[in-house]
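This is work_35.cif (mmCIF, C-alpha atoms).
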data_work
#
loop_
_atom_site.label_atom_id
_atom_site.label_comp_id
_atom_site.auth_asym_id
_atom_site.auth_seq_id
_atom_site.Cartn_x
_atom_site.Cartn_y
_atom_site.Cartn_z
CA MET A 30 0.00 0.00 0.00
CA THR A 31 1.44 3.38 -0.94
CA MET A 32 1.00 6.84 0.42
CA ARG A 33 -0.77 7.71 -2.81
CA ASP A 34 -3.70 5.47 -2.01
CA VAL A 35 -5.53 8.24 -0.32
CA THR A 36 -5.89 11.59 -2.06
CA SER A 37 -7.77 14.83 -1.48
CA ASP A 38 -8.65 18.20 -2.99
CA GLY A 39 -8.94 21.71 -1.67
CA ARG A 40 -12.57 22.69 -2.24
CA THR A 41 -13.92 24.86 0.53
CA PRO A 42 -15.89 22.77 3.07
CA GLY A 43 -19.58 23.54 3.13
CA VAL A 44 -19.51 25.08 -0.36
CA SER A 45 -20.64 22.89 -3.22
CA GLY A 46 -19.56 25.04 -6.12
CA PHE A 47 -15.89 25.70 -6.71
CA PRO A 48 -12.45 24.44 -5.67
CA SER A 49 -10.14 26.72 -3.73
CA ARG A 50 -7.81 28.97 -5.67
CA ARG A 51 -4.80 27.16 -4.26
CA ARG A 52 -6.14 23.75 -5.22
CA VAL A 53 -6.71 24.77 -8.84
CA LEU A 54 -3.15 26.09 -9.00
CA ARG A 55 -1.77 22.97 -7.33
CA LEU A 56 -3.52 20.58 -9.68
CA ALA A 57 -2.52 22.61 -12.70
CA GLY A 58 1.06 21.76 -11.76
CA GLY A 59 2.26 25.28 -12.56
CA GLY A 60 5.58 25.23 -10.75
CA LEU A 61 6.64 28.79 -11.58
CA ALA A 62 3.27 30.32 -10.83
CA LEU A 63 3.08 28.43 -7.57
CA ALA A 64 6.59 29.43 -6.60
CA ALA A 65 5.63 33.05 -7.10
CA LEU A 66 2.47 32.54 -5.06
CA THR A 67 4.37 30.85 -2.28
CA ALA A 68 6.93 33.64 -2.18
CA GLY A 69 4.14 35.95 -1.04
CA ALA A 70 2.97 33.67 1.75
CA VAL A 71 2.16 35.20 5.12
CA GLY A 72 5.02 34.91 7.59
CA CYS A 73 4.49 33.73 11.14
CA ASP A 74 6.16 33.68 14.54
CA GLU A 75 7.93 30.32 14.64
CA ASP A 76 7.71 30.13 18.43
CA ALA A 77 4.00 30.81 18.87
CA VAL A 78 1.90 27.66 19.18
CA ASP A 79 -1.68 27.65 20.40
CA VAL A 80 -4.44 25.09 20.43
CA GLU A 81 -8.07 25.72 19.60
CA GLU A 82 -11.01 23.95 21.13
CA PRO A 83 -13.89 22.85 18.93
CA GLY A 84 -16.69 25.31 18.37
CA ASN A 85 -15.80 28.23 20.64
CA ALA A 86 -13.02 29.06 23.04
CA GLY A 87 -13.44 27.54 26.48
CA GLY A 88 -16.09 25.00 25.44
CA ASP A 89 -15.93 21.25 25.75
CA ALA A 90 -15.49 19.09 22.67
CA PRO A 91 -18.82 17.83 21.30
CA GLY A 92 -19.19 14.15 22.02
CA GLY A 93 -16.35 14.32 24.53
CA ASP A 94 -16.41 12.37 27.77
CA GLY A 95 -13.64 13.90 29.78
CA GLY A 96 -10.36 12.03 29.88
CA LYS A 97 -11.98 8.78 28.80
CA GLU A 98 -13.01 10.06 25.37
CA ALA A 99 -10.32 12.69 24.93
CA GLY A 100 -7.42 10.37 24.14
CA ALA A 101 -3.76 10.47 25.15
CA GLY A 102 -2.46 13.82 26.32
CA VAL A 103 -5.89 15.47 26.37
CA ASP A 104 -7.30 17.06 29.48
CA GLY A 105 -10.74 16.49 30.94
CA LYS A 106 -12.23 19.44 29.06
CA GLY A 107 -11.50 18.01 25.64
CA ARG A 108 -8.71 20.44 24.81
CA ALA A 109 -6.10 19.35 22.28
CA PRO A 110 -2.78 18.03 23.56
CA GLU A 111 0.25 20.28 23.61
CA PRO A 112 2.65 19.52 20.74
CA LEU A 113 5.58 17.28 21.57
CA TRP A 114 7.61 19.64 19.40
CA THR A 115 7.12 22.36 16.79
CA LYS A 116 9.72 23.15 14.15
CA PRO A 117 10.03 25.57 11.24
CA THR A 118 10.44 23.83 7.88
CA SER A 119 11.38 24.62 4.30
CA ALA A 120 8.00 23.27 3.21
CA GLU A 121 6.69 24.30 -0.21
CA THR A 122 3.36 22.54 -0.26
CA TYR A 123 0.19 23.10 -2.25
CA GLY A 124 -2.25 20.96 -0.32
CA ASP A 125 -1.88 17.46 -1.74
CA ASN A 126 -1.64 14.46 0.57
CA ASP A 127 1.66 13.21 -0.81
CA GLU A 128 3.58 16.28 0.41
CA LEU A 129 4.00 15.05 4.01
CA VAL A 130 5.21 11.52 4.80
CA ALA A 131 6.49 9.66 7.86
CA ALA A 132 8.74 6.60 7.59
CA GLY A 133 12.00 5.21 8.91
CA GLY A 134 11.81 7.25 12.10
CA VAL A 135 11.63 10.58 10.24
CA VAL A 136 8.97 12.94 8.96
CA ILE A 137 9.47 14.76 5.64
CA ALA A 138 7.63 17.74 4.18
CA SER A 139 7.98 18.62 0.50
CA GLY A 140 10.27 21.60 0.08
CA SER A 141 13.70 22.91 -0.89
CA PRO A 142 15.94 21.84 0.66
CA LEU A 143 14.12 18.61 1.40
CA ALA A 144 14.64 18.02 5.11
CA ALA A 145 13.94 14.91 7.17
CA LEU A 146 13.21 15.59 10.83
CA ASP A 147 13.58 13.06 13.64
CA ALA A 148 10.05 11.93 14.45
CA ALA A 149 10.71 11.84 18.19
CA THR A 150 12.61 15.10 18.66
CA GLY A 151 12.15 17.23 15.55
CA GLY A 152 15.90 17.47 15.03
CA GLN A 153 17.13 17.39 11.45
CA LYS A 154 18.44 13.98 10.37
CA TRP A 155 19.36 14.80 6.76
CA SER A 156 18.56 17.12 3.87
CA LEU A 157 18.78 17.20 0.08
CA PRO A 158 19.85 20.59 -1.30
CA GLY A 159 17.86 20.25 -4.53
CA GLY A 160 14.64 19.51 -2.73
CA ALA A 161 11.42 18.20 -4.21
CA VAL A 162 10.12 19.16 -7.64
CA PRO A 163 7.04 21.41 -7.28
CA GLY A 164 3.91 19.43 -8.11
CA ALA A 165 5.65 16.04 -7.90
CA PRO A 166 4.82 13.74 -4.98
CA LEU A 167 6.86 12.31 -2.15
CA LEU A 168 6.13 8.74 -3.21
CA LEU A 169 6.77 6.24 -0.44
CA SER A 170 7.04 2.46 -0.66
CA GLU A 171 7.81 0.23 2.31
CA ASP A 172 11.49 1.19 2.38
CA THR A 173 12.15 3.78 -0.36
CA LEU A 174 11.21 7.39 -0.99
CA TYR A 175 10.88 8.11 -4.73
CA LEU A 176 11.35 11.62 -6.11
CA ALA A 177 11.48 13.28 -9.51
CA SER A 178 15.00 14.60 -9.97
CA SER A 179 15.40 18.25 -8.97
CA GLU A 180 18.06 18.50 -11.70
CA TYR A 181 15.31 18.06 -14.30
CA ASP A 182 17.57 15.57 -16.09
CA GLY A 183 14.85 12.98 -16.71
CA SER A 184 15.76 10.85 -13.71
CA VAL A 185 13.59 9.34 -11.02
CA ILE A 186 15.55 8.66 -7.82
CA GLY A 187 14.89 6.44 -4.80
CA TYR A 188 16.24 7.33 -1.36
CA ASP A 189 16.47 5.56 1.98
CA PRO A 190 14.06 7.65 4.10
CA ALA A 191 15.99 6.99 7.30
CA SER A 192 19.37 8.21 6.00
CA GLY A 193 18.63 10.20 2.85
CA LYS A 194 21.14 8.14 0.87
CA GLU A 195 20.40 7.40 -2.79
CA ALA A 196 19.37 3.76 -3.21
CA TRP A 197 17.98 3.62 -6.77
CA ARG A 198 17.93 5.64 -9.98
CA SER A 199 16.22 5.26 -13.35
CA ARG A 200 15.75 7.23 -16.57
CA LEU A 201 12.88 6.78 -18.96
CA GLY A 202 14.81 8.09 -21.97
CA LYS A 203 15.98 11.28 -23.66
CA GLU A 204 12.82 11.47 -25.77
CA TYR A 205 10.76 12.10 -22.64
CA ARG A 206 10.63 15.14 -20.38
CA GLN A 207 9.90 15.62 -16.70
CA PRO A 208 9.00 12.07 -15.64
CA ARG A 209 7.09 12.15 -12.37
CA PRO A 210 6.38 9.12 -10.19
CA ILE A 211 2.68 8.61 -9.51
CA ALA A 212 2.45 5.21 -7.79
CA VAL A 213 4.58 2.33 -6.55
CA ASP A 214 4.11 -1.31 -5.61
CA GLY A 215 6.48 -4.09 -4.59
CA GLU A 216 7.98 -4.46 -8.06
CA GLN A 217 7.55 -1.28 -10.08
CA VAL A 218 7.51 2.51 -9.97
CA TYR A 219 4.90 4.08 -12.26
CA VAL A 220 5.63 7.42 -13.94
CA ILE A 221 3.99 9.92 -16.28
CA ALA A 222 6.19 11.93 -18.69
CA GLU A 223 5.82 14.29 -21.64
CA ILE A 224 6.75 12.97 -25.08
CA LEU A 225 9.09 15.43 -26.79
CA GLU A 226 8.51 16.60 -30.37
CA ASP A 227 11.38 17.48 -32.71
CA ASP A 228 10.99 21.18 -31.90
CA GLY A 229 11.15 20.54 -28.15
CA SER A 230 7.42 20.95 -27.58
CA SER A 231 5.10 18.27 -26.22
CA LYS A 232 1.54 17.41 -27.22
CA THR A 233 1.21 13.93 -25.75
CA ASN A 234 2.42 11.98 -22.73
CA VAL A 235 3.38 8.48 -21.77
CA ILE A 236 2.70 6.28 -18.77
CA ALA A 237 5.43 3.79 -17.92
CA ALA A 238 6.58 1.25 -15.33
CA LEU A 239 10.16 1.18 -14.06
CA ASN A 240 11.54 -1.92 -12.34
CA SER A 241 12.14 -0.93 -8.71
CA THR A 242 15.20 -3.23 -8.49
CA THR A 243 17.05 -2.67 -11.76
CA GLY A 244 15.59 0.67 -12.88
CA ARG A 245 14.90 -0.72 -16.35
CA VAL A 246 11.76 0.25 -18.23
CA ALA A 247 9.28 -2.63 -17.83
CA TRP A 248 6.71 -1.13 -20.22
CA LYS A 249 5.48 2.19 -21.58
CA GLU A 250 2.22 3.17 -23.20
CA GLN A 251 1.38 6.40 -24.98
CA ARG A 252 -1.78 7.93 -23.59
CA ASP A 253 -4.55 9.27 -25.80
CA VAL A 254 -4.25 12.71 -27.37
CA GLY A 255 -5.96 15.23 -25.11
CA THR A 256 -5.01 13.55 -21.85
CA GLU A 257 -2.89 15.54 -19.42
CA GLN A 258 0.12 14.74 -17.29
CA ASN A 259 -1.01 17.18 -14.60
CA GLY A 260 -3.62 16.58 -11.92
CA ILE A 261 -2.81 12.85 -11.80
CA HIS A 262 -3.88 10.83 -8.77
CA ALA A 263 -2.97 7.15 -8.73
CA ALA A 264 -3.00 3.97 -6.67
CA VAL A 265 -2.00 0.33 -7.20
CA ARG A 266 -3.90 -2.77 -6.10
CA GLY A 267 -2.53 -6.12 -7.19
CA ARG A 268 -2.42 -6.15 -10.99
CA HIS A 269 -4.36 -2.92 -11.34
CA LEU A 270 -3.02 0.62 -11.64
CA VAL A 271 -5.81 3.16 -11.11
CA TYR A 272 -5.51 6.85 -11.94
CA THR A 273 -7.49 9.97 -12.75
CA ASP A 274 -6.65 13.27 -14.42
CA PHE A 275 -8.06 16.70 -15.24
CA LYS A 276 -10.11 15.32 -18.13
CA LYS A 277 -12.39 13.42 -15.73
CA ASN A 278 -11.06 10.06 -16.85
CA LEU A 279 -11.00 7.17 -14.38
CA THR A 280 -8.64 4.63 -15.92
CA VAL A 281 -7.40 1.18 -14.89
CA ARG A 282 -4.35 -0.47 -16.47
CA ASP A 283 -2.79 -3.90 -16.08
CA THR A 284 0.46 -3.54 -14.13
CA ALA A 285 2.10 -6.49 -15.93
CA GLY A 286 2.04 -5.03 -19.45
CA GLY A 287 0.45 -1.60 -19.21
CA GLY A 288 -2.60 -2.47 -21.28
CA GLN A 289 -5.76 -0.49 -20.52
CA VAL A 290 -8.33 -2.65 -18.74
CA TRP A 291 -11.14 -0.10 -18.73
CA THR A 292 -11.87 3.61 -18.49
CA HIS A 293 -14.90 5.62 -17.43
CA LYS A 294 -15.73 9.19 -18.33
CA THR A 295 -17.01 10.45 -15.00
CA THR A 296 -19.17 13.52 -14.64
CA LYS A 297 -18.11 14.79 -11.21
CA THR A 298 -14.95 13.36 -9.76
CA ASN A 299 -14.03 16.08 -7.26
CA TYR A 300 -10.94 16.73 -9.36
CA GLY A 301 -10.01 13.09 -9.58
CA PHE A 302 -9.96 12.01 -5.97
CA PHE A 303 -10.76 8.41 -5.12
CA THR A 304 -9.74 5.59 -2.82
CA VAL A 305 -9.29 1.87 -3.35
CA HIS A 306 -10.07 -1.16 -1.22
CA GLN A 307 -9.32 -4.74 -2.24
CA ASP A 308 -10.89 -5.15 -5.70
CA LEU A 309 -12.90 -1.89 -5.67
CA VAL A 310 -12.25 1.74 -6.53
CA VAL A 311 -14.55 4.22 -4.77
CA VAL A 312 -15.16 7.59 -6.43
CA PRO A 313 -17.15 10.60 -5.13
CA GLN A 314 -19.34 12.02 -7.90
CA GLY A 315 -21.43 14.89 -6.68
CA ASN A 316 -24.03 13.62 -4.22
CA VAL A 317 -23.29 9.97 -5.06
CA LEU A 318 -20.43 7.77 -3.91
CA GLN A 319 -19.80 4.97 -6.42
CA ALA A 320 -17.75 1.78 -6.19
CA PHE A 321 -16.51 0.01 -9.33
CA ASN A 322 -14.88 -3.39 -9.76
CA LEU A 323 -11.23 -3.03 -10.68
CA THR A 324 -11.38 -6.03 -13.00
CA ASP A 325 -14.16 -4.89 -15.34
CA GLY A 326 -15.36 -1.43 -14.29
CA LYS A 327 -18.85 -2.62 -13.36
CA GLU A 328 -20.64 -0.72 -10.62
CA LYS A 329 -20.68 -2.63 -7.32
CA TRP A 330 -22.59 -0.23 -5.06
CA THR A 331 -23.69 3.39 -4.66
CA LEU A 332 -24.34 5.59 -1.64
CA GLU A 333 -26.33 8.80 -1.97
CA ALA A 334 -25.99 11.87 0.23
CA SER A 335 -29.15 13.57 1.46
CA ASP A 336 -30.35 17.13 0.81
CA GLY A 337 -28.15 17.55 -2.26
CA ALA A 338 -24.90 17.53 -0.27
CA LEU A 339 -21.76 16.68 -2.23
CA PHE A 340 -19.37 13.96 -1.13
CA ARG A 341 -15.84 15.07 -0.44
CA GLU A 342 -12.54 13.17 -0.31
CA PRO A 343 -12.84 9.51 0.76
CA ALA A 344 -10.25 7.44 2.63
CA VAL A 345 -10.10 3.75 3.53
CA LEU A 346 -8.26 3.14 6.80
CA GLU A 347 -8.16 -0.27 8.46
CA ASP A 348 -10.97 -1.60 6.25
CA VAL A 349 -13.36 1.29 6.96
CA LEU A 350 -14.26 3.99 4.43
CA TYR A 351 -14.47 7.47 5.95
CA VAL A 352 -16.06 10.31 3.98
CA ALA A 353 -17.65 13.67 4.76
CA ASP A 354 -20.00 15.75 2.64
CA SER A 355 -20.46 19.46 2.00
CA ALA A 356 -23.23 19.59 4.66
CA ARG A 357 -20.50 18.56 7.16
CA ALA A 358 -21.96 15.15 7.87
CA MET A 359 -19.31 12.49 8.52
CA ARG A 360 -19.85 8.83 7.59
CA ALA A 361 -18.15 5.50 8.18
CA VAL A 362 -18.98 2.97 5.46
CA ASP A 363 -18.21 -0.69 4.81
CA PRO A 364 -16.15 -0.33 1.59
CA ARG A 365 -17.08 -3.83 0.41
CA THR A 366 -20.83 -3.25 0.40
CA GLY A 367 -21.46 0.48 0.72
CA LYS A 368 -23.40 -0.11 3.94
CA GLN A 369 -23.31 2.90 6.26
CA LEU A 370 -21.83 2.00 9.67
CA TRP A 371 -22.50 5.37 11.29
CA LYS A 372 -23.27 8.97 10.44
CA SER A 373 -22.28 11.93 12.62
CA GLU A 374 -23.33 15.59 12.61
CA ALA A 375 -20.61 16.52 15.12
CA LEU A 376 -18.61 18.61 12.62
CA ALA A 377 -21.64 20.75 11.77
CA ASP A 378 -22.65 21.03 15.44
CA ALA A 379 -19.18 22.33 16.33
CA GLY A 380 -19.01 24.71 13.36
CA LEU A 381 -15.89 22.98 12.04
CA GLN A 382 -14.66 22.58 8.50
CA VAL A 383 -14.80 19.30 6.61
CA PRO A 384 -11.52 17.33 6.65
CA ARG A 385 -9.89 16.69 3.29
CA GLN A 386 -7.30 14.16 4.47
CA TYR A 387 -7.40 11.44 7.13
CA VAL A 388 -5.07 9.23 9.15
CA LYS A 389 -5.92 6.84 11.98
CA ALA A 390 -4.05 5.90 15.15
CA GLY A 391 -5.69 3.63 17.72
CA ASP A 392 -9.39 4.45 17.96
CA THR A 393 -8.93 8.06 16.86
CA LEU A 394 -9.47 9.40 13.35
CA TYR A 395 -7.49 12.55 12.57
CA GLY A 396 -8.68 14.85 9.80
CA ALA A 397 -6.83 17.78 8.21
CA THR A 398 -8.85 20.69 6.83
CA ASP A 399 -8.15 23.05 3.97
CA LEU A 400 -8.21 26.55 5.45
CA ASP A 401 -7.23 27.88 8.84
CA LYS A 402 -9.91 29.79 10.73
CA GLN A 403 -12.33 27.02 11.73
CA GLY A 404 -10.13 24.09 10.90
CA GLY A 405 -6.77 22.55 11.59
CA ILE A 406 -6.40 18.96 12.81
CA ILE A 407 -9.67 17.48 14.04
CA ALA A 408 -9.53 14.40 16.27
CA MET A 409 -12.66 12.23 16.06
CA ASP A 410 -13.77 9.01 17.67
CA ALA A 411 -13.34 6.49 14.86
CA ARG A 412 -16.26 4.46 16.25
CA THR A 413 -18.85 7.25 16.33
CA GLY A 414 -17.52 10.38 14.62
CA ALA A 415 -17.73 12.42 17.84
CA VAL A 416 -15.29 15.33 17.85
CA ARG A 417 -12.72 14.97 20.62
CA TRP A 418 -10.61 18.09 20.00
CA THR A 419 -9.16 20.36 17.35
CA PHE A 420 -5.61 21.64 17.07
CA ASN A 421 -4.92 24.99 15.41
CA ASP A 422 -1.73 27.07 15.56
CA LYS A 423 -3.76 30.27 14.93
CA THR A 424 -1.21 31.66 12.49
CA GLY A 425 -3.83 32.51 9.87
CA ASP A 426 -1.60 30.96 7.20
CA TYR A 427 -3.59 30.32 4.01
CA HIS A 428 -1.99 26.92 3.38
CA ALA A 429 -4.01 23.75 3.77
CA TRP A 430 -3.26 21.54 6.74
CA LEU A 431 -1.56 18.20 6.05
CA VAL A 432 -1.45 15.24 8.43
CA ALA A 433 0.61 12.05 8.68
CA THR A 434 1.31 9.49 11.39
CA ASP A 435 3.89 6.89 12.29
CA GLY A 436 1.49 5.26 14.76
CA LYS A 437 3.26 6.86 17.73
CA ARG A 438 2.74 10.52 16.83
CA VAL A 439 0.53 12.59 14.56
CA PHE A 440 2.35 15.15 12.43
CA ALA A 441 0.52 18.32 11.45
CA LEU A 442 1.98 20.61 8.79
CA HIS A 443 0.65 24.12 8.31
CA GLY A 444 2.56 26.45 6.04
CA LYS A 445 6.14 26.52 7.33
CA LYS A 446 5.36 24.96 10.72
CA LEU A 447 5.48 21.26 11.51
CA HIS A 448 3.94 20.06 14.79
CA ALA A 449 4.22 16.62 16.38
CA LEU A 450 1.19 15.67 18.50
CA PRO A 451 0.87 12.68 20.83
CA VAL A 452 -1.66 10.02 19.84
#

Take the structure I supplied and represent it as structure tokens, if you would.
Amino acid sequence: MTMRDVTSDGRTPGVSGFPSRRRVLRLAGGGLALAALTAGAVGCDEDAVDVEEPGNAGGDAPGGDGGKEAGAGVDGKGRAPEPLWTKPTSAETYGDNDELVAAGGVVIASGSPLAALDAATGGQKWSLPGGAVPGAPLLLSEDTLYLASSEYDGSVIGYDPASGKEAWRSRLGKEYRQPRPIAVDGEQVYVIAEILEDDGSSKTNVIAALNSTTGRVAWKEQRDVGTEQNGIHAAVRGRHLVYTDFKKNLTVRDTAGGGQVWTHKTTKTNYGFFTVHQDLVVVPQGNVLQAFNLTDGKEKWTLEASDGALFREPAVLEDVLYVADSARAMRAVDPRTGKQLWKSEALADAGLQVPRQYVKAGDTLYGATDLDKQGGIIAMDARTGAVRWTFNDKTGDYHAWLVATDGKRVFALHGKKLHALPV
């Protein structure tokens, strides 16, 4: 399972119409435009860290039950735990889930230089001067971090996340430009790259598989004219590579040879965000959540939101599908059948934003929201959806929150600040 299995967008919670300005820029992959935007980001006091209680200051967390429901490090009033540490980072993130990862005892936020911080102390373990390519993911397998080369030389490089040492390198070929890794499994790294014309321009792109041991090209397939190499979200399950793009295509390929198994032209894909579980891919499409068989693309089940609410970003964690909608209702669903396990109105009751990314540690579900004022990291009871606490650094930074966990700590990234919270 890769860190790309769960993806999310930046549409404003509670608003059904348009994605956030930052999300549109992020998905467009415009590195220069984004760099200029980031250069104007609001600065903040690196030493100031506050926590925010759900709803209003001084109130108890909805659904809380003192220390019993609050979780580790939380007081009897449902207030968020104090951070174990808070560090400034070189982060240059645009709100996608693959820009913060935790592995090998370190936590890494996309940026330049690319720095790995000790998960326990926040001290720097190593850094890469070139950093991460804007718009390209931090793609993590069980023991390797894959990055597009910051030298823009057509290479894809694998690093040991614990030490930062290069462990693997591959090149697709001189006739291709800017290969970016999109997914990884136990045998291959999957990349998308532009196909160069004689005049140096590019009108088409290729999807390819690189052997994760030798670096050799296992297969490559030219994608249809009109498809884009930007806005790609991908995941691998067994022999199936699943991905979406800006053109509202949901496509499945065979990982052995690259052949297309099936494709659907979806009407509303929330900018391509989906999740996978076993032999199913689950896609939010407006007020309907649909599950398709990976083998043939046939619909397996549907779940409809009430009152015209639109489903947001889904995530499958420990065999449970978690998804919120634009009316701020939170659901837990059996991903095999589409049966609703529970539905909670706690987010709406507390006046909180809808999470756009989730991780789970113990019996607590942690959600990261897009904007700052009524969001941050929301801790919820994974069994009921009750809100336990929210954490917010109150910087007012416009960046989306990102969350990751190593099972021992929850890491919350907001702009240039990285916080480690106890679980």

Straight-line distance linking atom CA of Asp127 of chain A with atom CA of Leu167 of chain A, stated in Å to one decimal: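 A separation of 5.4 Å between them.
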
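Distances here use all atoms listed in the file; by that measure, the residue among A:Glu333, A:Asp348, A:Glu111, A:Glu374 closest to Thr413 of chain A is A:Glu374.
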
Specify as a ChimeraX atom specification each residue included when the PyMOL selection byres ((chain A and resi 428-437) around 8) is applied to this file. /A:39,122-126,128-132,134,386-391,395-401,405-406,426-427,438-444,451-452

May I ask for the distance between atom CA of Arg360 of chain A and atom CA of Gln403 of chain A, given in Å to one decimal place?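 Computing it gives 20.1 Å between the two atoms.
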
Padding 4 Å on every side, please: axis-aligned box over the listed atoms of segment 308-318 of chain A, centre and edge lengths to one decimal in Å, as lines of an AutoDock Vina configuration file.
center_x = -17.5
center_y = 4.9
center_z = -5.9
size_x = 21.1
size_y = 28.0
size_z = 12.0

Selection in question (the file shown): the PyMOL selection byres ((chain A and resi 183) around 7). Which residues does it include, as a ChimeraX atom specification? /A:178,181-182,184-185,200-201,206-208

Test item: the PyMOL selection byres ((chain A and resi 153) around 12) resolved as number ranges by chain: A: 116-119, 134-138, 142-152, 154-157, 191-193

Taking only C-alpha atoms into account, which of A:Ser241, A:Gln251, A:Gln258, A:Ser170 comes nearest Arg209 of chain A? A:Gln258

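Counting from atom CA of Leu323 of chain A, the distance to atom CA of Ala165 of chain A is 25.6 Å.
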
Hey, which of A:Phe303, A:Trp330, A:Tyr175, A:Trp291 ends up closest to Ala196 of chain A? Count only C-alpha atoms.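 Residue with the minimum atom-to-atom distance to Ala196 of chain A: A:Tyr175.
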
Within 8 Å of (-20.3, 5.2, 10.4), in the coordinates the file gives, what residues turn up when you count only C-alpha atoms, written out as an MDAnalysis selection string? chainID A and resid 351 359:362 369:373 412:414

Kindly output segment 418-423 of chain A as a PDB file, in the coordinates of the input, after building all heavy atoms.
ATOM      1  N   TRP A 418     -11.290  16.802  19.873  1.00  0.00           N
ATOM      2  CA  TRP A 418     -10.610  18.090  20.000  1.00  0.00           C
ATOM      3  C   TRP A 418     -10.164  18.563  18.623  1.00  0.00           C
ATOM      4  O   TRP A 418     -10.170  17.792  17.656  1.00  0.00           O
ATOM      5  CB  TRP A 418      -9.417  18.023  20.958  1.00  0.00           C
ATOM      6  CG  TRP A 418      -8.448  16.883  20.744  1.00  0.00           C
ATOM      7  CD1 TRP A 418      -8.396  15.698  21.436  1.00  0.00           C
ATOM      8  CD2 TRP A 418      -7.374  16.810  19.788  1.00  0.00           C
ATOM      9  NE1 TRP A 418      -7.387  14.899  20.968  1.00  0.00           N
ATOM     10  CE2 TRP A 418      -6.726  15.560  19.967  1.00  0.00           C
ATOM     11  CE3 TRP A 418      -6.887  17.677  18.815  1.00  0.00           C
ATOM     12  CZ2 TRP A 418      -5.629  15.153  19.204  1.00  0.00           C
ATOM     13  CZ3 TRP A 418      -5.797  17.283  18.037  1.00  0.00           C
ATOM     14  CH2 TRP A 418      -5.181  16.035  18.247  1.00  0.00           C
ATOM     15  N   THR A 419      -9.810  19.837  18.545  1.00  0.00           N
ATOM     16  CA  THR A 419      -9.160  20.360  17.350  1.00  0.00           C
ATOM     17  C   THR A 419      -7.857  21.039  17.757  1.00  0.00           C
ATOM     18  O   THR A 419      -7.754  21.614  18.835  1.00  0.00           O
ATOM     19  CB  THR A 419     -10.028  21.386  16.588  1.00  0.00           C
ATOM     20  OG1 THR A 419     -10.290  22.494  17.441  1.00  0.00           O
ATOM     21  CG2 THR A 419     -11.334  20.763  16.149  1.00  0.00           C
ATOM     22  N   PHE A 420      -6.882  20.959  16.861  1.00  0.00           N
ATOM     23  CA  PHE A 420      -5.610  21.640  17.070  1.00  0.00           C
ATOM     24  C   PHE A 420      -5.441  22.672  15.967  1.00  0.00           C
ATOM     25  O   PHE A 420      -5.593  22.366  14.781  1.00  0.00           O
ATOM     26  CB  PHE A 420      -4.449  20.653  17.025  1.00  0.00           C
ATOM     27  CG  PHE A 420      -3.096  21.316  17.069  1.00  0.00           C
ATOM     28  CD1 PHE A 420      -2.532  21.689  18.272  1.00  0.00           C
ATOM     29  CD2 PHE A 420      -2.401  21.573  15.889  1.00  0.00           C
ATOM     30  CE1 PHE A 420      -1.287  22.312  18.306  1.00  0.00           C
ATOM     31  CE2 PHE A 420      -1.166  22.192  15.918  1.00  0.00           C
ATOM     32  CZ  PHE A 420      -0.602  22.564  17.127  1.00  0.00           C
ATOM     33  N   ASN A 421      -5.131  23.918  16.373  1.00  0.00           N
ATOM     34  CA  ASN A 421      -4.920  24.990  15.410  1.00  0.00           C
ATOM     35  C   ASN A 421      -3.820  25.898  15.929  1.00  0.00           C
ATOM     36  O   ASN A 421      -3.854  26.308  17.091  1.00  0.00           O
ATOM     37  CB  ASN A 421      -6.222  25.777  15.211  1.00  0.00           C
ATOM     38  CG  ASN A 421      -6.171  26.680  13.999  1.00  0.00           C
ATOM     39  OD1 ASN A 421      -5.268  27.491  13.856  1.00  0.00           O
ATOM     40  ND2 ASN A 421      -7.156  26.542  13.127  1.00  0.00           N
ATOM     41  N   ASP A 422      -2.833  26.215  15.096  1.00  0.00           N
ATOM     42  CA  ASP A 422      -1.730  27.070  15.560  1.00  0.00           C
ATOM     43  C   ASP A 422      -2.063  28.556  15.487  1.00  0.00           C
ATOM     44  O   ASP A 422      -1.258  29.391  15.884  1.00  0.00           O
ATOM     45  CB  ASP A 422      -0.442  26.769  14.786  1.00  0.00           C
ATOM     46  CG  ASP A 422      -0.588  26.924  13.285  1.00  0.00           C
ATOM     47  OD1 ASP A 422      -1.574  27.537  12.830  1.00  0.00           O
ATOM     48  OD2 ASP A 422       0.294  26.425  12.555  1.00  0.00           O
ATOM     49  N   LYS A 423      -3.257  28.893  14.963  1.00  0.00           N
ATOM     50  CA  LYS A 423      -3.760  30.270  14.930  1.00  0.00           C
ATOM     51  C   LYS A 423      -2.835  31.251  14.222  1.00  0.00           C
ATOM     52  O   LYS A 423      -2.805  32.430  14.536  1.00  0.00           O
ATOM     53  CB  LYS A 423      -4.036  30.756  16.364  1.00  0.00           C
ATOM     54  CG  LYS A 423      -5.121  29.952  17.067  1.00  0.00           C
ATOM     55  CD  LYS A 423      -5.426  30.512  18.440  1.00  0.00           C
ATOM     56  CE  LYS A 423      -6.526  29.694  19.122  1.00  0.00           C
ATOM     57  NZ  LYS A 423      -6.835  30.217  20.468  1.00  0.00           N
TER      58      LYS A 423
END
